[in-house]
Amino acid sequence: MDWLAIASGFGVGAIVGMTGVGGGSLMTPLLMGVFKLHPAVAIGTDLWFAAITKTSGSIAHHRHGHVDYRITGLMLAGSIPAALVTIALMHFTGITKGWASALTFSLGIALLLTAVTVAYRQAWHRVGLKLEAWLPPSRKPYFTVAAGVLLGVLVSLSSIGAGAIGATLILILYPRLPTQRLVGTDIAHAVPLTLVAGIGHAALGNVNWALLGALLIGSLPGIWLGARLTKSMPEKITRTLLCVSLVTAGLKVIH
């Protein structure tokens with residue numbers, strides 16, 4: 001029994017429970033820095049971690065009617081093909097040193113983008129409201145599919161983006177979508193995307209299954225505890241600490 005992995009899963013789960021931000025933002029750097037996994041294996045392992053931990057949340061949001069399946073379908077129409085093409089390129093070219101560098105760089109950029117989206121959530125809502133003036137409903141489906149393509153590539157290369165970045169893109173395109181439906185739609189899109197990308201990485205041998213199991217054991221009570229701590233921890237403090245962690249990890253990975 002890998003107690004360090006269980007403790008790591010518990011810690012990441014607690015942060016996810018408190019902030020609502022996907023564990024990939026912290027899990028992949030943790031797998032590379034603490035467990036010394038190859039970038040591709042860290043990303044593949046985290047994709048499965050994200051797909052499994054988000055599944056229960058997706059089911060809960062579905063039961064409460066918090067999923068806009070039209071938006072989810074449009075995003076998946078872009079993200080799934082993009083993920084498949086990205087994984088196919090990795091498969092046919094092999095995980096070379098060039099791919100390792102690309103994966104590491106993509107991870108660093110994704111971490112910094114996540115920090116920006118978390119820090120300026122209200123600002124993105126204002127941006128979305130201003131965009132409504134020149135973005136009529138007839139054009140939104142095309143931009144939604146394009147957002148899916150961006151997420152499909154980013155998630156496949158870094159395992160990050162399906163959560164905070166995905167929610168921000170939905171917020172910008174659909175600023176009048178109620179918060180519950182925004183979150184539910186984002187999670188509903190994240191599960192199949194991370195699963196497809198995870199299967200692709202698994203086919204390449206990029207998943208540490210034993211470590212994944214230990215991480216999941218720790219994450220379940222961590223998420224439960226984090227959700228309860230949300231009531232006593234000021235959101236501004238938790239999000240500030242999370243942003244600092246993301247920026248630090250992102251800069252470290254890039255360098």
# chains A, B, ... in the order shown; residues from 1 in each chain; ligands from 1
>>> residues_around(residues="segment 59-75 of chain A", least_positions_apart="3", cutoff="6 Å", atoms="only C-alpha atoms", output="list in words")
Ser56, Gly78, Thr144, Val145, Gly148, Gln180, Arg181, Gly184, Thr185 and His189 of chain A
>>> write_last_selection(atoms="N, CA and C atoms", output="PDB file, in the first residue's frame")
ATOM      1  N   SER A  56     -18.936  10.802 -10.850  1.00  0.00           N
ATOM      2  CA  SER A  56     -20.012  10.925  -9.859  1.00  0.00           C
ATOM      3  C   SER A  56     -20.607  12.326  -9.873  1.00  0.00           C
ATOM      4  N   GLY A  78     -16.112  18.995 -31.084  1.00  0.00           N
ATOM      5  CA  GLY A  78     -14.778  19.519 -31.384  1.00  0.00           C
ATOM      6  C   GLY A  78     -13.688  18.835 -30.583  1.00  0.00           C
ATOM      7  N   THR A 144     -18.360  27.388 -30.186  1.00  0.00           N
ATOM      8  CA  THR A 144     -18.411  26.343 -29.161  1.00  0.00           C
ATOM      9  C   THR A 144     -17.631  25.113 -29.615  1.00  0.00           C
ATOM     10  N   VAL A 145     -17.799  24.726 -30.873  1.00  0.00           N
ATOM     11  CA  VAL A 145     -17.038  23.593 -31.420  1.00  0.00           C
ATOM     12  C   VAL A 145     -15.543  23.928 -31.427  1.00  0.00           C
ATOM     13  N   GLY A 148     -14.127  23.493 -28.135  1.00  0.00           N
ATOM     14  CA  GLY A 148     -13.926  22.075 -27.893  1.00  0.00           C
ATOM     15  C   GLY A 148     -12.641  21.563 -28.511  1.00  0.00           C
ATOM     16  N   GLN A 180     -25.136  26.914 -11.890  1.00  0.00           N
ATOM     17  CA  GLN A 180     -25.272  25.462 -11.722  1.00  0.00           C
ATOM     18  C   GLN A 180     -25.202  24.727 -13.056  1.00  0.00           C
ATOM     19  N   ARG A 181     -25.830  25.310 -14.076  1.00  0.00           N
ATOM     20  CA  ARG A 181     -25.811  24.668 -15.397  1.00  0.00           C
ATOM     21  C   ARG A 181     -24.442  24.821 -16.056  1.00  0.00           C
ATOM     22  N   GLY A 184     -22.353  22.128 -14.280  1.00  0.00           N
ATOM     23  CA  GLY A 184     -22.807  20.806 -14.695  1.00  0.00           C
ATOM     24  C   GLY A 184     -22.441  20.493 -16.132  1.00  0.00           C
ATOM     25  N   THR A 185     -22.580  21.477 -17.017  1.00  0.00           N
ATOM     26  CA  THR A 185     -22.240  21.296 -18.426  1.00  0.00           C
ATOM     27  C   THR A 185     -20.750  21.073 -18.602  1.00  0.00           C
ATOM     28  N   HIS A 189     -19.022  17.574 -20.003  1.00  0.00           N
ATOM     29  CA  HIS A 189     -18.108  17.555 -21.155  1.00  0.00           C
ATOM     30  C   HIS A 189     -16.764  16.963 -20.777  1.00  0.00           C
TER      31      HIS A 189
END
>>> residues_around(residues="Leu169 of chain A", least_positions_apart="2", cutoff="10 Å", atoms="only C-alpha atoms", output="list in words")
Thr117, Trp124, His125, Gly128, Phe143, Thr144, Ala147, Gly148, Leu151, Ala164, Ile165, Gly166, Ala167, Leu171, Ile172, Leu173, Tyr174, Pro175 and Asp186 of chain A
>>> atom_distance(atom1="atom CA of Gly11 of chain A", atom2="atom CA of Asn208 of chain A")
19.1 Å
>>> closest_residue(among="A:Val244, A:Val196, A:Gly152, A:Arg176", to="Glu132 of chain A", atoms="only C-alpha atoms")
A:Arg176
>>> closest_residue(among="A:Leu215, A:Val191, A:Leu157, A:Ala146", to="Val85 of chain A", atoms="only C-alpha atoms")
A:Leu157
>>> decode(residues="segment 9-54 of chain A", atoms="N, CA and C atoms", output="JSON list (two decimals), in the first residue's frame")
[["chain", "number", "residue", "atom", "x", "y", "z"],
["A", 9, "GLY", "N", -3.45, 11.75, -2.95],
["A", 9, "GLY", "CA", -4.82, 11.74, -3.46],
["A", 9, "GLY", "C", -5.76, 12.46, -2.52],
["A", 10, "PHE", "N", -5.57, 12.26, -1.22],
["A", 10, "PHE", "CA", -6.40, 12.92, -0.22],
["A", 10, "PHE", "C", -6.22, 14.44, -0.30],
["A", 11, "GLY", "N", -4.98, 14.90, -0.40],
["A", 11, "GLY", "CA", -4.71, 16.33, -0.46],
["A", 11, "GLY", "C", -5.30, 16.99, -1.69],
["A", 12, "VAL", "N", -5.09, 16.36, -2.84],
["A", 12, "VAL", "CA", -5.66, 16.92, -4.08],
["A", 12, "VAL", "C", -7.17, 16.88, -4.03],
["A", 13, "GLY", "N", -7.73, 15.79, -3.51],
["A", 13, "GLY", "CA", -9.18, 15.68, -3.38],
["A", 13, "GLY", "C", -9.76, 16.78, -2.50],
["A", 14, "ALA", "N", -9.07, 17.08, -1.41],
["A", 14, "ALA", "CA", -9.54, 18.13, -0.50],
["A", 14, "ALA", "C", -9.55, 19.49, -1.20],
["A", 15, "ILE", "N", -8.52, 19.75, -1.99],
["A", 15, "ILE", "CA", -8.45, 21.03, -2.72],
["A", 15, "ILE", "C", -9.55, 21.10, -3.77],
["A", 16, "VAL", "N", -9.81, 19.98, -4.45],
["A", 16, "VAL", "CA", -10.90, 19.94, -5.43],
["A", 16, "VAL", "C", -12.23, 20.21, -4.73],
["A", 17, "GLY", "N", -12.42, 19.60, -3.57],
["A", 17, "GLY", "CA", -13.66, 19.80, -2.83],
["A", 17, "GLY", "C", -13.86, 21.23, -2.37],
["A", 18, "MET", "N", -12.76, 21.91, -2.02],
["A", 18, "MET", "CA", -12.85, 23.28, -1.52],
["A", 18, "MET", "C", -13.01, 24.31, -2.64],
["A", 19, "THR", "N", -12.33, 24.09, -3.77],
["A", 19, "THR", "CA", -12.28, 25.10, -4.82],
["A", 19, "THR", "C", -13.12, 24.77, -6.05],
["A", 20, "GLY", "N", -13.41, 23.49, -6.26],
["A", 20, "GLY", "CA", -14.14, 23.09, -7.44],
["A", 20, "GLY", "C", -13.27, 22.97, -8.68],
["A", 21, "VAL", "N", -11.98, 23.28, -8.54],
["A", 21, "VAL", "CA", -11.06, 23.19, -9.68],
["A", 21, "VAL", "C", -10.58, 21.76, -9.83],
["A", 22, "GLY", "N", -10.52, 21.29, -11.08],
["A", 22, "GLY", "CA", -10.13, 19.92, -11.34],
["A", 22, "GLY", "C", -8.78, 19.56, -10.75],
["A", 23, "GLY", "N", -8.66, 18.32, -10.32],
["A", 23, "GLY", "CA", -7.42, 17.86, -9.69],
["A", 23, "GLY", "C", -6.24, 17.80, -10.62],
["A", 24, "GLY", "N", -6.48, 17.78, -11.95],
["A", 24, "GLY", "CA", -5.38, 17.71, -12.90],
["A", 24, "GLY", "C", -4.42, 18.86, -12.78],
["A", 25, "SER", "N", -4.94, 20.02, -12.39],
["A", 25, "SER", "CA", -4.09, 21.20, -12.26],
["A", 25, "SER", "C", -2.97, 21.00, -11.24],
["A", 26, "LEU", "N", -3.21, 20.16, -10.26],
["A", 26, "LEU", "CA", -2.22, 19.90, -9.23],
["A", 26, "LEU", "C", -1.66, 18.48, -9.29],
["A", 27, "MET", "N", -2.48, 17.54, -9.78],
["A", 27, "MET", "CA", -2.08, 16.13, -9.76],
["A", 27, "MET", "C", -0.92, 15.85, -10.71],
["A", 28, "THR", "N", -0.98, 16.37, -11.93],
["A", 28, "THR", "CA", 0.09, 16.08, -12.89],
["A", 28, "THR", "C", 1.44, 16.61, -12.44],
["A", 29, "PRO", "N", 1.54, 17.87, -11.98],
["A", 29, "PRO", "CA", 2.84, 18.33, -11.46],
["A", 29, "PRO", "C", 3.29, 17.50, -10.26],
["A", 30, "LEU", "N", 2.34, 17.05, -9.44],
["A", 30, "LEU", "CA", 2.66, 16.23, -8.27],
["A", 30, "LEU", "C", 3.25, 14.88, -8.72],
["A", 31, "LEU", "N", 2.64, 14.28, -9.72],
["A", 31, "LEU", "CA", 3.12, 12.99, -10.21],
["A", 31, "LEU", "C", 4.52, 13.11, -10.82],
["A", 32, "MET", "N", 4.79, 14.24, -11.44],
["A", 32, "MET", "CA", 6.12, 14.44, -12.04],
["A", 32, "MET", "C", 7.15, 14.81, -10.99],
["A", 33, "GLY", "N", 6.77, 15.68, -10.04],
["A", 33, "GLY", "CA", 7.74, 16.17, -9.06],
["A", 33, "GLY", "C", 8.00, 15.24, -7.90],
["A", 34, "VAL", "N", 6.93, 14.62, -7.36],
["A", 34, "VAL", "CA", 7.08, 13.76, -6.18],
["A", 34, "VAL", "C", 7.33, 12.31, -6.57],
["A", 35, "PHE", "N", 6.55, 11.81, -7.56],
["A", 35, "PHE", "CA", 6.65, 10.40, -7.92],
["A", 35, "PHE", "C", 7.59, 10.15, -9.10],
["A", 36, "LYS", "N", 8.14, 11.25, -9.66],
["A", 36, "LYS", "CA", 9.15, 11.18, -10.71],
["A", 36, "LYS", "C", 8.69, 10.39, -11.94],
["A", 37, "LEU", "N", 7.41, 10.54, -12.30],
["A", 37, "LEU", "CA", 6.90, 9.87, -13.49],
["A", 37, "LEU", "C", 7.31, 10.64, -14.74],
["A", 38, "HIS", "N", 7.47, 9.92, -15.84],
["A", 38, "HIS", "CA", 7.69, 10.55, -17.14],
["A", 38, "HIS", "C", 6.47, 11.43, -17.43],
["A", 39, "PRO", "N", 6.67, 12.60, -18.07],
["A", 39, "PRO", "CA", 5.53, 13.50, -18.34],
["A", 39, "PRO", "C", 4.35, 12.80, -18.99],
["A", 40, "ALA", "N", 4.60, 11.92, -19.96],
["A", 40, "ALA", "CA", 3.51, 11.23, -20.64],
["A", 40, "ALA", "C", 2.75, 10.30, -19.69],
["A", 41, "VAL", "N", 3.47, 9.60, -18.81],
["A", 41, "VAL", "CA", 2.83, 8.69, -17.86],
["A", 41, "VAL", "C", 2.05, 9.49, -16.81],
["A", 42, "ALA", "N", 2.62, 10.61, -16.36],
["A", 42, "ALA", "CA", 1.92, 11.46, -15.39],
["A", 42, "ALA", "C", 0.61, 11.98, -15.98],
["A", 43, "ILE", "N", 0.66, 12.41, -17.24],
["A", 43, "ILE", "CA", -0.53, 12.94, -17.90],
["A", 43, "ILE", "C", -1.58, 11.85, -18.11],
["A", 44, "GLY", "N", -1.14, 10.68, -18.57],
["A", 44, "GLY", "CA", -2.07, 9.57, -18.78],
["A", 44, "GLY", "C", -2.73, 9.11, -17.49],
["A", 45, "THR", "N", -1.94, 9.02, -16.42],
["A", 45, "THR", "CA", -2.47, 8.61, -15.12],
["A", 45, "THR", "C", -3.47, 9.63, -14.60],
["A", 46, "ASP", "N", -3.16, 10.91, -14.76],
["A", 46, "ASP", "CA", -4.06, 11.95, -14.27],
["A", 46, "ASP", "C", -5.36, 12.00, -15.08],
["A", 47, "LEU", "N", -5.30, 11.71, -16.37],
["A", 47, "LEU", "CA", -6.51, 11.71, -17.18],
["A", 47, "LEU", "C", -7.52, 10.69, -16.65],
["A", 48, "TRP", "N", -7.03, 9.51, -16.25],
["A", 48, "TRP", "CA", -7.91, 8.50, -15.68],
["A", 48, "TRP", "C", -8.41, 8.93, -14.30],
["A", 49, "PHE", "N", -7.54, 9.57, -13.53],
["A", 49, "PHE", "CA", -7.93, 10.09, -12.21],
["A", 49, "PHE", "C", -9.07, 11.10, -12.38],
["A", 50, "ALA", "N", -8.94, 11.99, -13.36],
["A", 50, "ALA", "CA", -9.96, 13.01, -13.60],
["A", 50, "ALA", "C", -11.27, 12.39, -14.08],
["A", 51, "ALA", "N", -11.17, 11.45, -15.03],
["A", 51, "ALA", "CA", -12.38, 10.83, -15.58],
["A", 51, "ALA", "C", -13.18, 10.11, -14.50],
["A", 52, "ILE", "N", -12.48, 9.40, -13.62],
["A", 52, "ILE", "CA", -13.17, 8.62, -12.59],
["A", 52, "ILE", "C", -13.75, 9.52, -11.50],
["A", 53, "THR", "N", -12.98, 10.51, -11.04],
["A", 53, "THR", "CA", -13.45, 11.37, -9.95],
["A", 53, "THR", "C", -14.57, 12.31, -10.41],
["A", 54, "LYS", "N", -14.58, 12.67, -11.69],
["A", 54, "LYS", "CA", -15.62, 13.58, -12.18],
["A", 54, "LYS", "C", -16.92, 12.86, -12.54]]
